[in-house]
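What follows is the content of query-v2.cif (mmCIF, C-alpha atoms).
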data_protein
#
loop_
_atom_site.group_PDB
_atom_site.id
_atom_site.type_symbol
_atom_site.label_atom_id
_atom_site.label_comp_id
_atom_site.auth_asym_id
_atom_site.auth_seq_id
_atom_site.Cartn_x
_atom_site.Cartn_y
_atom_site.Cartn_z
ATOM 1 C CA MET A 1 40.053 -60.456 65.200
ATOM 2 C CA ASP A 2 37.523 -62.606 66.996
ATOM 3 C CA VAL A 3 38.913 -65.335 69.207
ATOM 4 C CA ILE A 4 37.963 -68.661 67.674
ATOM 5 C CA SER A 5 39.610 -71.994 68.342
ATOM 6 C CA GLU A 6 41.735 -73.012 65.425
ATOM 7 C CA LEU A 7 41.965 -76.642 64.412
ATOM 8 C CA LYS A 8 45.278 -78.406 64.633
ATOM 9 C CA ILE A 9 46.872 -81.304 62.825
ATOM 10 C CA GLY A 10 45.396 -84.474 64.312
ATOM 11 C CA ASP A 11 42.012 -82.914 65.097
ATOM 12 C CA LEU A 12 38.840 -84.404 63.676
ATOM 13 C CA ALA A 13 37.595 -82.333 60.752
ATOM 14 C CA PRO A 14 34.170 -80.921 61.659
ATOM 15 C CA ASP A 15 31.231 -82.000 59.585
ATOM 16 C CA ALA A 16 28.844 -79.445 58.143
ATOM 17 C CA ILE A 17 26.016 -79.333 55.670
ATOM 18 C CA VAL A 18 26.772 -77.513 52.428
ATOM 19 C CA PHE A 19 25.071 -77.254 49.056
ATOM 20 C CA ASP A 20 26.319 -77.881 45.555
ATOM 21 C CA SER A 21 25.534 -75.864 42.430
ATOM 22 C CA ILE A 22 22.143 -77.503 41.939
ATOM 23 C CA GLY A 23 21.128 -77.121 45.560
ATOM 24 C CA GLN A 24 21.817 -80.692 46.590
ATOM 25 C CA MET A 25 22.626 -81.028 50.282
ATOM 26 C CA ILE A 26 26.011 -82.582 51.079
ATOM 27 C CA HIS A 27 27.665 -83.539 54.342
ATOM 28 C CA LEU A 28 31.294 -82.474 54.229
ATOM 29 C CA ARG A 29 32.342 -85.761 55.845
ATOM 30 C CA GLU A 30 31.110 -87.619 52.763
ATOM 31 C CA MET A 31 33.714 -85.834 50.679
ATOM 32 C CA TRP A 32 36.799 -87.414 52.226
ATOM 33 C CA THR A 33 35.502 -90.963 52.305
ATOM 34 C CA GLY A 34 37.934 -92.878 50.138
ATOM 35 C CA THR A 35 40.150 -89.975 49.049
ATOM 36 C CA PRO A 36 42.094 -87.398 51.050
ATOM 37 C CA THR A 37 40.637 -83.972 50.425
ATOM 38 C CA LEU A 38 42.030 -80.496 50.050
ATOM 39 C CA LEU A 39 39.408 -78.327 51.665
ATOM 40 C CA CYS A 40 39.668 -74.713 50.558
ATOM 41 C CA PHE A 41 37.589 -72.068 52.278
ATOM 42 C CA LEU A 42 36.772 -68.993 50.229
ATOM 43 C CA ARG A 43 35.343 -65.726 51.468
ATOM 44 C CA TYR A 44 32.486 -65.577 49.030
ATOM 45 C CA PHE A 45 31.263 -66.545 45.597
ATOM 46 C CA GLY A 46 31.235 -63.195 43.810
ATOM 47 C CA MET B 1 38.772 -60.789 43.704
ATOM 48 C CA VAL B 2 41.662 -62.222 45.723
ATOM 49 C CA CYS B 3 39.643 -65.431 46.151
ATOM 50 C CA ARG B 4 39.104 -65.538 42.384
ATOM 51 C CA HIS B 5 42.817 -65.127 41.784
ATOM 52 C CA TRP B 6 43.689 -67.934 44.196
ATOM 53 C CA ILE B 7 41.045 -70.379 42.933
ATOM 54 C CA ALA B 8 42.159 -69.705 39.362
ATOM 55 C CA GLN B 9 45.703 -70.681 40.333
ATOM 56 C CA LEU B 10 44.350 -73.849 41.892
ATOM 57 C CA GLU B 11 42.334 -74.527 38.750
ATOM 58 C CA GLN B 12 45.498 -74.248 36.666
ATOM 59 C CA ARG B 13 47.204 -76.856 38.847
ATOM 60 C CA HIS B 14 44.242 -79.087 39.644
ATOM 61 C CA GLN B 15 45.616 -82.019 37.632
ATOM 62 C CA GLU B 16 48.842 -81.902 39.605
ATOM 63 C CA VAL B 17 46.929 -81.824 42.882
ATOM 64 C CA GLU B 18 44.660 -84.688 41.869
ATOM 65 C CA ALA B 19 47.597 -86.711 40.536
ATOM 66 C CA ALA B 20 49.142 -86.378 43.995
ATOM 67 C CA GLY B 21 46.030 -88.089 45.372
ATOM 68 C CA LEU B 22 43.975 -85.188 46.666
ATOM 69 C CA LYS B 23 40.370 -84.401 45.878
ATOM 70 C CA ILE B 24 39.702 -80.639 45.827
ATOM 71 C CA LEU B 25 36.691 -79.082 47.464
ATOM 72 C CA ALA B 26 36.129 -75.322 47.606
ATOM 73 C CA VAL B 27 33.715 -74.062 50.245
ATOM 74 C CA GLY B 28 32.308 -70.573 49.847
ATOM 75 C CA ILE B 29 29.424 -68.545 51.164
ATOM 76 C CA GLY B 30 26.348 -67.926 49.092
ATOM 77 C CA GLU B 31 23.605 -69.789 47.313
ATOM 78 C CA PRO B 32 23.744 -72.630 44.767
ATOM 79 C CA GLN B 33 23.315 -70.275 41.817
ATOM 80 C CA HIS B 34 26.369 -68.347 42.980
ATOM 81 C CA VAL B 35 28.332 -71.611 43.118
ATOM 82 C CA GLN B 36 27.270 -72.458 39.594
ATOM 83 C CA ARG B 37 28.217 -69.087 38.150
ATOM 84 C CA TYR B 38 31.521 -68.890 40.009
ATOM 85 C CA SER B 39 32.692 -72.432 39.384
ATOM 86 C CA GLN B 40 31.843 -72.323 35.667
ATOM 87 C CA ARG B 41 33.836 -69.161 35.224
ATOM 88 C CA TYR B 42 36.820 -69.604 37.525
ATOM 89 C CA ALA B 43 37.111 -73.235 38.573
ATOM 90 C CA PRO B 44 35.287 -75.595 36.194
ATOM 91 C CA SER B 45 37.440 -78.547 37.277
ATOM 92 C CA ILE B 46 36.978 -78.011 40.996
ATOM 93 C CA THR B 47 34.013 -79.097 43.080
ATOM 94 C CA CYS B 48 32.564 -75.975 44.687
ATOM 95 C CA VAL B 49 29.962 -75.966 47.435
ATOM 96 C CA CYS B 50 28.443 -73.315 49.637
ATOM 97 C CA GLY B 51 27.024 -72.652 53.020
ATOM 98 C CA ALA B 52 24.362 -69.996 53.418
ATOM 99 C CA GLY B 53 26.341 -68.229 56.128
ATOM 100 C CA THR B 54 29.656 -68.365 57.916
ATOM 101 C CA GLU B 55 28.786 -71.332 60.152
ATOM 102 C CA THR B 56 30.979 -73.830 58.304
ATOM 103 C CA HIS B 57 33.881 -71.375 58.249
ATOM 104 C CA THR B 58 33.459 -70.762 61.962
ATOM 105 C CA ARG B 59 33.455 -74.483 62.741
ATOM 106 C CA TYR B 60 36.880 -74.643 61.151
ATOM 107 C CA GLY B 61 38.106 -71.776 63.295
ATOM 108 C CA LEU B 62 38.388 -69.230 60.511
ATOM 109 C CA GLN B 63 38.703 -65.704 61.806
ATOM 110 C CA ARG B 64 37.013 -62.457 60.863
ATOM 111 C CA HIS B 65 39.205 -59.443 60.423
ATOM 112 C CA THR B 66 38.427 -55.837 61.131
ATOM 113 C CA ILE B 67 37.536 -53.206 58.548
ATOM 114 C CA ALA B 68 40.851 -51.482 59.299
ATOM 115 C CA GLU B 69 42.716 -54.677 58.378
ATOM 116 C CA LEU B 70 41.049 -54.572 54.957
ATOM 117 C CA PHE B 71 43.195 -51.562 54.170
ATOM 118 C CA SER B 72 46.442 -52.896 55.578
ATOM 119 C CA ARG B 73 49.476 -52.988 53.298
ATOM 120 C CA PRO B 74 49.556 -56.765 52.615
ATOM 121 C CA VAL B 75 45.847 -56.779 51.792
ATOM 122 C CA VAL B 76 46.205 -53.858 49.400
ATOM 123 C CA VAL B 77 49.165 -55.630 47.776
ATOM 124 C CA SER B 78 47.075 -58.810 47.398
ATOM 125 C CA HIS B 79 44.320 -56.847 45.670
ATOM 126 C CA ILE B 80 46.782 -55.110 43.364
ATOM 127 C CA ARG B 81 48.340 -58.469 42.466
ATOM 128 C CA ALA B 82 44.903 -59.962 41.720
ATOM 129 C CA ALA B 83 43.894 -56.938 39.638
ATOM 130 C CA ALA B 84 47.175 -57.097 37.721
ATOM 131 C CA ASN B 85 46.255 -60.661 36.794
ATOM 132 C CA GLY B 86 42.860 -59.566 35.519
ATOM 133 C CA PHE B 87 40.716 -60.380 38.535
ATOM 134 C CA THR B 88 38.285 -57.634 39.456
ATOM 135 C CA PRO B 89 35.713 -57.494 42.263
ATOM 136 C CA GLY B 90 32.307 -59.069 41.743
ATOM 137 C CA ALA B 91 29.039 -58.869 43.613
ATOM 138 C CA LEU B 92 29.512 -59.977 47.199
ATOM 139 C CA THR B 93 27.584 -63.050 48.261
ATOM 140 C CA GLY B 94 29.310 -63.825 51.501
ATOM 141 C CA ASP B 95 31.168 -62.164 54.289
ATOM 142 C CA LEU B 96 33.792 -59.628 53.348
ATOM 143 C CA LYS B 97 35.394 -59.932 56.776
ATOM 144 C CA ILE B 98 35.838 -63.695 56.925
ATOM 145 C CA LEU B 99 39.307 -65.006 56.312
ATOM 146 C CA THR B 100 40.165 -68.059 54.281
ATOM 147 C CA GLY B 101 41.994 -71.285 55.025
ATOM 148 C CA GLN B 102 43.181 -74.504 53.472
ATOM 149 C CA PHE B 103 43.052 -77.936 55.088
ATOM 150 C CA ILE B 104 44.036 -81.439 54.093
ATOM 151 C CA VAL B 105 41.686 -84.038 55.551
ATOM 152 C CA ASP B 106 42.577 -87.720 55.360
ATOM 153 C CA THR B 107 40.119 -90.541 54.707
ATOM 154 C CA ASN B 108 39.507 -90.962 58.437
ATOM 155 C CA GLY B 109 38.435 -87.348 58.717
ATOM 156 C CA ILE B 110 41.628 -86.251 60.466
ATOM 157 C CA ILE B 111 43.208 -82.917 59.636
ATOM 158 C CA ARG B 112 46.720 -83.419 58.259
ATOM 159 C CA TYR B 113 47.460 -79.850 57.208
ATOM 160 C CA ALA B 114 45.948 -76.545 58.253
ATOM 161 C CA HIS B 115 46.679 -73.070 56.991
ATOM 162 C CA TYR B 116 44.826 -70.084 58.408
ATOM 163 C CA SER B 117 45.043 -66.838 56.487
ATOM 164 C CA ARG B 118 46.073 -63.932 58.697
ATOM 165 C CA TYR B 119 44.960 -61.352 56.162
ATOM 166 C CA VAL B 120 43.131 -61.315 52.825
ATOM 167 C CA GLY B 121 45.346 -62.981 50.245
ATOM 168 C CA ASP B 122 47.446 -64.890 52.772
ATOM 169 C CA ASP B 123 46.602 -68.261 51.235
ATOM 170 C CA ALA B 124 48.892 -71.280 51.115
ATOM 171 C CA SER B 125 50.431 -71.801 47.705
ATOM 172 C CA VAL B 126 49.634 -74.978 45.833
ATOM 173 C CA SER B 127 53.300 -75.962 46.102
ATOM 174 C CA VAL B 128 53.262 -75.645 49.887
ATOM 175 C CA ILE B 129 50.073 -77.715 50.080
ATOM 176 C CA LEU B 130 51.551 -80.447 47.891
ATOM 177 C CA GLU B 131 54.731 -80.511 49.974
ATOM 178 C CA ALA B 132 52.681 -80.879 53.146
ATOM 179 C CA PHE B 133 50.670 -83.722 51.624
ATOM 180 C CA ALA B 134 53.812 -85.508 50.435
ATOM 181 C CA LYS B 135 55.259 -85.183 53.931
ATOM 182 C CA PHE B 136 52.099 -86.657 55.442
ATOM 183 C CA GLN B 137 52.113 -89.543 52.980
ATOM 184 C CA SER B 138 55.748 -90.361 53.672
ATOM 185 C CA GLY B 139 54.829 -90.676 57.336
#
Before anything else, please render the file you have as structure tokens.
Amino acid sequence: MDVISELKIGDLAPDAIVFDSIGQMIHLREMWTGTPTLLCFLRYFG
Amino acid sequence: MVCRHWIAQLEQRHQEVEAAGLKILAVGIGEPQHVQRYSQRYAPSITCVCGAGTETHTRYGLQRHTIAELFSRPVVVSHIRAAANGFTPGALTGDLKILTGQFIVDTNGIIRYAHYSRYVGDDASVSVILEAFAKFQSG
């Protein structure tokens, strides 16, 4: 495995730009404004 | 197909997760049309988004495994379990080697739960996630 720093409880969740199903750009940080969020990373959309 | 199996389980329990106070966001790799096809079929109640590459995954510290690890016993078992539940492989849009993870992020952007998969199929169960969130809420 590659050596990558894992995030820990208490760390700031990194922001990133992602896209929804119609191609609209979203900042991840916008998602947890107001509601705690379960962020699930998948390997791919196949 | 293991991802499909896991997201389908989350879809089945999405009301329970949302009733607990959590919004669900699935982040995959691909293009918007892949998100649309995948979410309609496997997770219509879950907000799915994508990054074009692995950058977002890498920012969250998600690991890449080796080809040899793809054929390790727990990974093979995960694939058999997914296949037994009717989930078969689809066209790959992302990175076969990237591993998955689940995080709970509070409204201040602080991580309150983190699970890193050590092999394909090593995802946190919905029950474990809900327990972790309840523990966080109870302080």
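Closest approach to chain A among B:Tyr38, B:Tyr119, B:Trp6, B:Phe136 is made by B:Tyr38 (distances from only C-alpha atoms).
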Proximity check chain B to chain A, 7 Å, nearest pairs one decimal Å, all atoms listed in the file, as a tab-separated table:
residue	atom	partner	partner_atom	distance
B:Cys3	CA	A:Leu42	CA	6.1
B:Gly21	CA	A:Pro36	CA	6.9
B:Leu22	CA	A:Thr37	CA	5.2
B:Lys23	CA	A:Thr37	CA	4.6
B:Ile24	CA	A:Leu38	CA	4.8
B:Leu25	CA	A:Leu39	CA	5.1
B:Ala26	CA	A:Cys40	CA	4.6
B:Val27	CA	A:Phe41	CA	4.8
B:Gly28	CA	A:Leu42	CA	4.8
B:Ile29	CA	A:Tyr44	CA	4.8
B:Gly30	CA	A:Phe45	CA	6.2
B:Pro32	CA	A:Ser21	CA	4.4
B:Gln33	CA	A:Ser21	CA	6.0
B:His34	CA	A:Phe45	CA	5.8
B:Val35	CA	A:Ser21	CA	5.1
B:Gln36	CA	A:Ser21	CA	4.8
B:Tyr38	CA	A:Phe45	CA	6.1
B:Cys48	CA	A:Asp20	CA	6.6
B:Val49	CA	A:Asp20	CA	4.5
B:Cys50	CA	A:Phe19	CA	5.2
B:Gly51	CA	A:Val18	CA	4.9
B:Thr56	CA	A:Ala16	CA	6.0
B:Arg59	CA	A:Pro14	CA	6.6
B:Tyr60	CA	A:Leu7	CA	6.4
B:Gly61	CA	A:Glu6	CA	4.4
B:Gln63	CA	A:Asp2	CA	6.2
B:Arg64	CA	A:Met1	CA	5.7
B:His65	CA	A:Met1	CA	5.0
B:Thr66	CA	A:Met1	CA	6.4
B:Gly90	CA	A:Gly46	CA	4.7
B:Ala91	CA	A:Gly46	CA	4.9
B:Leu92	CA	A:Gly46	CA	5.0
B:Thr93	CA	A:Tyr44	CA	5.6
B:Gly94	CA	A:Tyr44	CA	4.4
B:Asp95	CA	A:Arg43	CA	6.2
B:Leu96	CA	A:Arg43	CA	6.6
B:Ile98	CA	A:Arg43	CA	5.8
B:Leu99	CA	A:Arg43	CA	6.3
B:Thr100	CA	A:Phe41	CA	5.2
B:Gly101	CA	A:Phe41	CA	5.3
B:Gln102	CA	A:Cys40	CA	4.6
B:Phe103	CA	A:Leu39	CA	5.0
B:Ile104	CA	A:Leu38	CA	4.6
B:Val105	CA	A:Thr37	CA	5.2
B:Asp106	CA	A:Pro36	CA	4.3
B:Thr107	CA	A:Trp32	CA	5.2
B:Gly109	CA	A:Ala13	CA	5.5
B:Ile110	CA	A:Leu12	CA	4.6
B:Ile111	CA	A:Ile9	CA	5.1
B:Arg112	CA	A:Ile9	CA	5.0
B:Tyr113	CA	A:Ile9	CA	5.8
B:Ala114	CA	A:Ile9	CA	6.7
Output C-alpha atoms for every residue in the selection just made, as a short mmCIF file (atom, residue, chain, number, x, y, z; two decimals), keeping the file's coordinate frame.
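Listed below is the output, result.cif:
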data_model
loop_
_atom_site.label_atom_id
_atom_site.label_comp_id
_atom_site.auth_asym_id
_atom_site.auth_seq_id
_atom_site.Cartn_x
_atom_site.Cartn_y
_atom_site.Cartn_z
CA CYS B 3 39.64 -65.43 46.15
CA GLY B 21 46.03 -88.09 45.37
CA LEU B 22 43.98 -85.19 46.67
CA LYS B 23 40.37 -84.40 45.88
CA ILE B 24 39.70 -80.64 45.83
CA LEU B 25 36.69 -79.08 47.46
CA ALA B 26 36.13 -75.32 47.61
CA VAL B 27 33.72 -74.06 50.24
CA GLY B 28 32.31 -70.57 49.85
CA ILE B 29 29.42 -68.54 51.16
CA GLY B 30 26.35 -67.93 49.09
CA PRO B 32 23.74 -72.63 44.77
CA GLN B 33 23.32 -70.28 41.82
CA HIS B 34 26.37 -68.35 42.98
CA VAL B 35 28.33 -71.61 43.12
CA GLN B 36 27.27 -72.46 39.59
CA TYR B 38 31.52 -68.89 40.01
CA CYS B 48 32.56 -75.97 44.69
CA VAL B 49 29.96 -75.97 47.44
CA CYS B 50 28.44 -73.32 49.64
CA GLY B 51 27.02 -72.65 53.02
CA THR B 56 30.98 -73.83 58.30
CA ARG B 59 33.46 -74.48 62.74
CA TYR B 60 36.88 -74.64 61.15
CA GLY B 61 38.11 -71.78 63.30
CA GLN B 63 38.70 -65.70 61.81
CA ARG B 64 37.01 -62.46 60.86
CA HIS B 65 39.20 -59.44 60.42
CA THR B 66 38.43 -55.84 61.13
CA GLY B 90 32.31 -59.07 41.74
CA ALA B 91 29.04 -58.87 43.61
CA LEU B 92 29.51 -59.98 47.20
CA THR B 93 27.58 -63.05 48.26
CA GLY B 94 29.31 -63.82 51.50
CA ASP B 95 31.17 -62.16 54.29
CA LEU B 96 33.79 -59.63 53.35
CA ILE B 98 35.84 -63.70 56.92
CA LEU B 99 39.31 -65.01 56.31
CA THR B 100 40.16 -68.06 54.28
CA GLY B 101 41.99 -71.28 55.02
CA GLN B 102 43.18 -74.50 53.47
CA PHE B 103 43.05 -77.94 55.09
CA ILE B 104 44.04 -81.44 54.09
CA VAL B 105 41.69 -84.04 55.55
CA ASP B 106 42.58 -87.72 55.36
CA THR B 107 40.12 -90.54 54.71
CA GLY B 109 38.44 -87.35 58.72
CA ILE B 110 41.63 -86.25 60.47
CA ILE B 111 43.21 -82.92 59.64
CA ARG B 112 46.72 -83.42 58.26
CA TYR B 113 47.46 -79.85 57.21
CA ALA B 114 45.95 -76.54 58.25
#
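For the atom pair formed by atom CA of B:Gln137 and atom CA of B:Ala124, the distance is 18.6 Å, given to one decimal.
Under the PyMOL selection byres ((chain B and resi 130) around 10), the matching residues in the shown file are Leu38 of chain A; Glu16, Val17, Ala20, Gly21, Leu22, Ile104, Ser125, Val126, Ser127, Val128, Ile129, Glu131, Ala132, Phe133, Ala134, Lys135 and Phe136 of chain B.
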Selected residues written out with C-alpha atoms, as a PDB file, in the frame of the given file:
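Result file follows (out-v8.pdb):
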ATOM      1  CA  LEU A  38      42.030 -80.496  50.050  1.00  0.00           C
TER       2      LEU A  38
ATOM      3  CA  GLU B  16      48.842 -81.902  39.605  1.00  0.00           C
ATOM      4  CA  VAL B  17      46.929 -81.824  42.882  1.00  0.00           C
ATOM      5  CA  ALA B  20      49.142 -86.378  43.995  1.00  0.00           C
ATOM      6  CA  GLY B  21      46.030 -88.089  45.372  1.00  0.00           C
ATOM      7  CA  LEU B  22      43.975 -85.188  46.666  1.00  0.00           C
ATOM      8  CA  ILE B 104      44.036 -81.439  54.093  1.00  0.00           C
ATOM      9  CA  SER B 125      50.431 -71.801  47.705  1.00  0.00           C
ATOM     10  CA  VAL B 126      49.634 -74.978  45.833  1.00  0.00           C
ATOM     11  CA  SER B 127      53.300 -75.962  46.102  1.00  0.00           C
ATOM     12  CA  VAL B 128      53.262 -75.645  49.887  1.00  0.00           C
ATOM     13  CA  ILE B 129      50.073 -77.715  50.080  1.00  0.00           C
ATOM     14  CA  GLU B 131      54.731 -80.511  49.974  1.00  0.00           C
ATOM     15  CA  ALA B 132      52.681 -80.879  53.146  1.00  0.00           C
ATOM     16  CA  PHE B 133      50.670 -83.722  51.624  1.00  0.00           C
ATOM     17  CA  ALA B 134      53.812 -85.508  50.435  1.00  0.00           C
ATOM     18  CA  LYS B 135      55.259 -85.183  53.931  1.00  0.00           C
ATOM     19  CA  PHE B 136      52.099 -86.657  55.442  1.00  0.00           C
TER      20      PHE B 136
END
Correct to one decimal, the distance atom CA of B:Gly139-atom CA of B:His115 is 19.4 Å
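The protein and nucleic acid residues lying at most 7 Å from B:Ala43 are Ile7, Ala8, Glu11, Ser39, Gln40, Arg41, Ser45 and Ile46 of chain B, with all atoms listed in the file considered and sequence neighbours fewer than 2 positions away removed.
Note that atom CA of A:His27 and atom CA of B:Glu18 are 21.1 Å apart.
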Mind working out the centre and edge lengths of an axis-aligned box for stretch 14-29 of chain A, all listed atoms inside, 6 Å added to each side, rounded to one decimal in Å and written as AutoDock Vina command-line options?
--center_x 27.6 --center_y -80.8 --center_z 51.8 --size_x 25.0 --size_y 21.9 --size_z 31.7
Requested file, stretch 18-27 of chain A restricted to all heavy atoms, as a CSV table (one decimal), in the first residue's frame:
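Saved the output as out_27.csv:
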chain,number,residue,atom,x,y,z
A,18,VAL,N,-16.4,18.4,-6.3
A,18,VAL,CA,-17.0,17.2,-6.9
A,18,VAL,C,-18.1,17.6,-7.8
A,18,VAL,O,-18.5,18.8,-7.8
A,18,VAL,CB,-17.5,16.2,-5.8
A,18,VAL,CG1,-16.3,15.6,-5.0
A,18,VAL,CG2,-18.5,16.8,-4.9
A,19,PHE,N,-18.7,16.6,-8.5
A,19,PHE,CA,-19.8,17.0,-9.4
A,19,PHE,C,-21.0,16.0,-9.2
A,19,PHE,O,-20.8,14.9,-8.9
A,19,PHE,CB,-19.3,16.8,-10.9
A,19,PHE,CG,-18.1,17.7,-11.2
A,19,PHE,CD1,-16.8,17.4,-11.0
A,19,PHE,CD2,-18.4,19.0,-11.7
A,19,PHE,CE1,-15.8,18.2,-11.2
A,19,PHE,CE2,-17.4,19.9,-12.0
A,19,PHE,CZ,-16.0,19.5,-11.7
A,20,ASP,N,-22.1,16.6,-9.4
A,20,ASP,CA,-23.3,15.8,-9.2
A,20,ASP,C,-23.7,15.2,-10.5
A,20,ASP,O,-23.0,15.3,-11.5
A,20,ASP,CB,-24.5,16.6,-8.5
A,20,ASP,CG,-25.0,17.7,-9.4
A,20,ASP,OD1,-24.7,17.7,-10.6
A,20,ASP,OD2,-25.8,18.5,-8.9
A,21,SER,N,-24.9,14.5,-10.5
A,21,SER,CA,-25.3,13.8,-11.7
A,21,SER,C,-25.6,14.6,-12.9
A,21,SER,O,-25.7,14.1,-14.1
A,21,SER,CB,-26.5,12.9,-11.4
A,21,SER,OG,-27.6,13.7,-11.0
A,22,ILE,N,-25.8,15.9,-12.7
A,22,ILE,CA,-26.0,16.8,-13.9
A,22,ILE,C,-24.8,17.6,-14.2
A,22,ILE,O,-24.9,18.6,-15.0
A,22,ILE,CB,-27.3,17.6,-13.7
A,22,ILE,CG1,-27.2,18.5,-12.5
A,22,ILE,CG2,-28.6,16.8,-13.7
A,22,ILE,CD1,-28.3,19.6,-12.4
A,23,GLY,N,-23.7,17.3,-13.6
A,23,GLY,CA,-22.5,18.0,-13.8
A,23,GLY,C,-22.3,19.3,-13.1
A,23,GLY,O,-21.4,20.1,-13.4
A,24,GLN,N,-23.1,19.5,-12.1
A,24,GLN,CA,-23.0,20.8,-11.3
A,24,GLN,C,-21.9,20.6,-10.3
A,24,GLN,O,-21.8,19.6,-9.6
A,24,GLN,CB,-24.3,21.0,-10.5
A,24,GLN,CG,-24.5,22.3,-9.9
A,24,GLN,CD,-25.9,22.6,-9.3
A,24,GLN,OE1,-26.7,21.7,-9.3
A,24,GLN,NE2,-26.1,23.8,-8.9
A,25,MET,N,-21.0,21.6,-10.2
A,25,MET,CA,-19.9,21.6,-9.3
A,25,MET,C,-20.3,21.9,-7.9
A,25,MET,O,-21.1,22.8,-7.6
A,25,MET,CB,-18.9,22.7,-9.8
A,25,MET,CG,-17.5,22.6,-9.1
A,25,MET,SD,-16.4,23.8,-9.8
A,25,MET,CE,-16.9,25.3,-9.0
A,26,ILE,N,-19.8,21.1,-7.0
A,26,ILE,CA,-20.1,21.2,-5.6
A,26,ILE,C,-18.9,21.2,-4.7
A,26,ILE,O,-18.0,20.4,-5.0
A,26,ILE,CB,-21.0,20.0,-5.1
A,26,ILE,CG1,-22.3,20.0,-5.9
A,26,ILE,CG2,-21.3,20.0,-3.6
A,26,ILE,CD1,-23.1,18.7,-5.7
A,27,HIS,N,-18.8,22.1,-3.7
A,27,HIS,CA,-17.7,22.0,-2.7
A,27,HIS,C,-18.2,21.0,-1.7
A,27,HIS,O,-19.3,21.2,-1.1
A,27,HIS,CB,-17.4,23.3,-2.1
A,27,HIS,CG,-16.6,24.2,-3.0
A,27,HIS,ND1,-15.2,24.2,-3.0
A,27,HIS,CD2,-17.0,25.1,-3.9
A,27,HIS,CE1,-14.8,25.0,-3.9
A,27,HIS,NE2,-15.8,25.6,-4.5
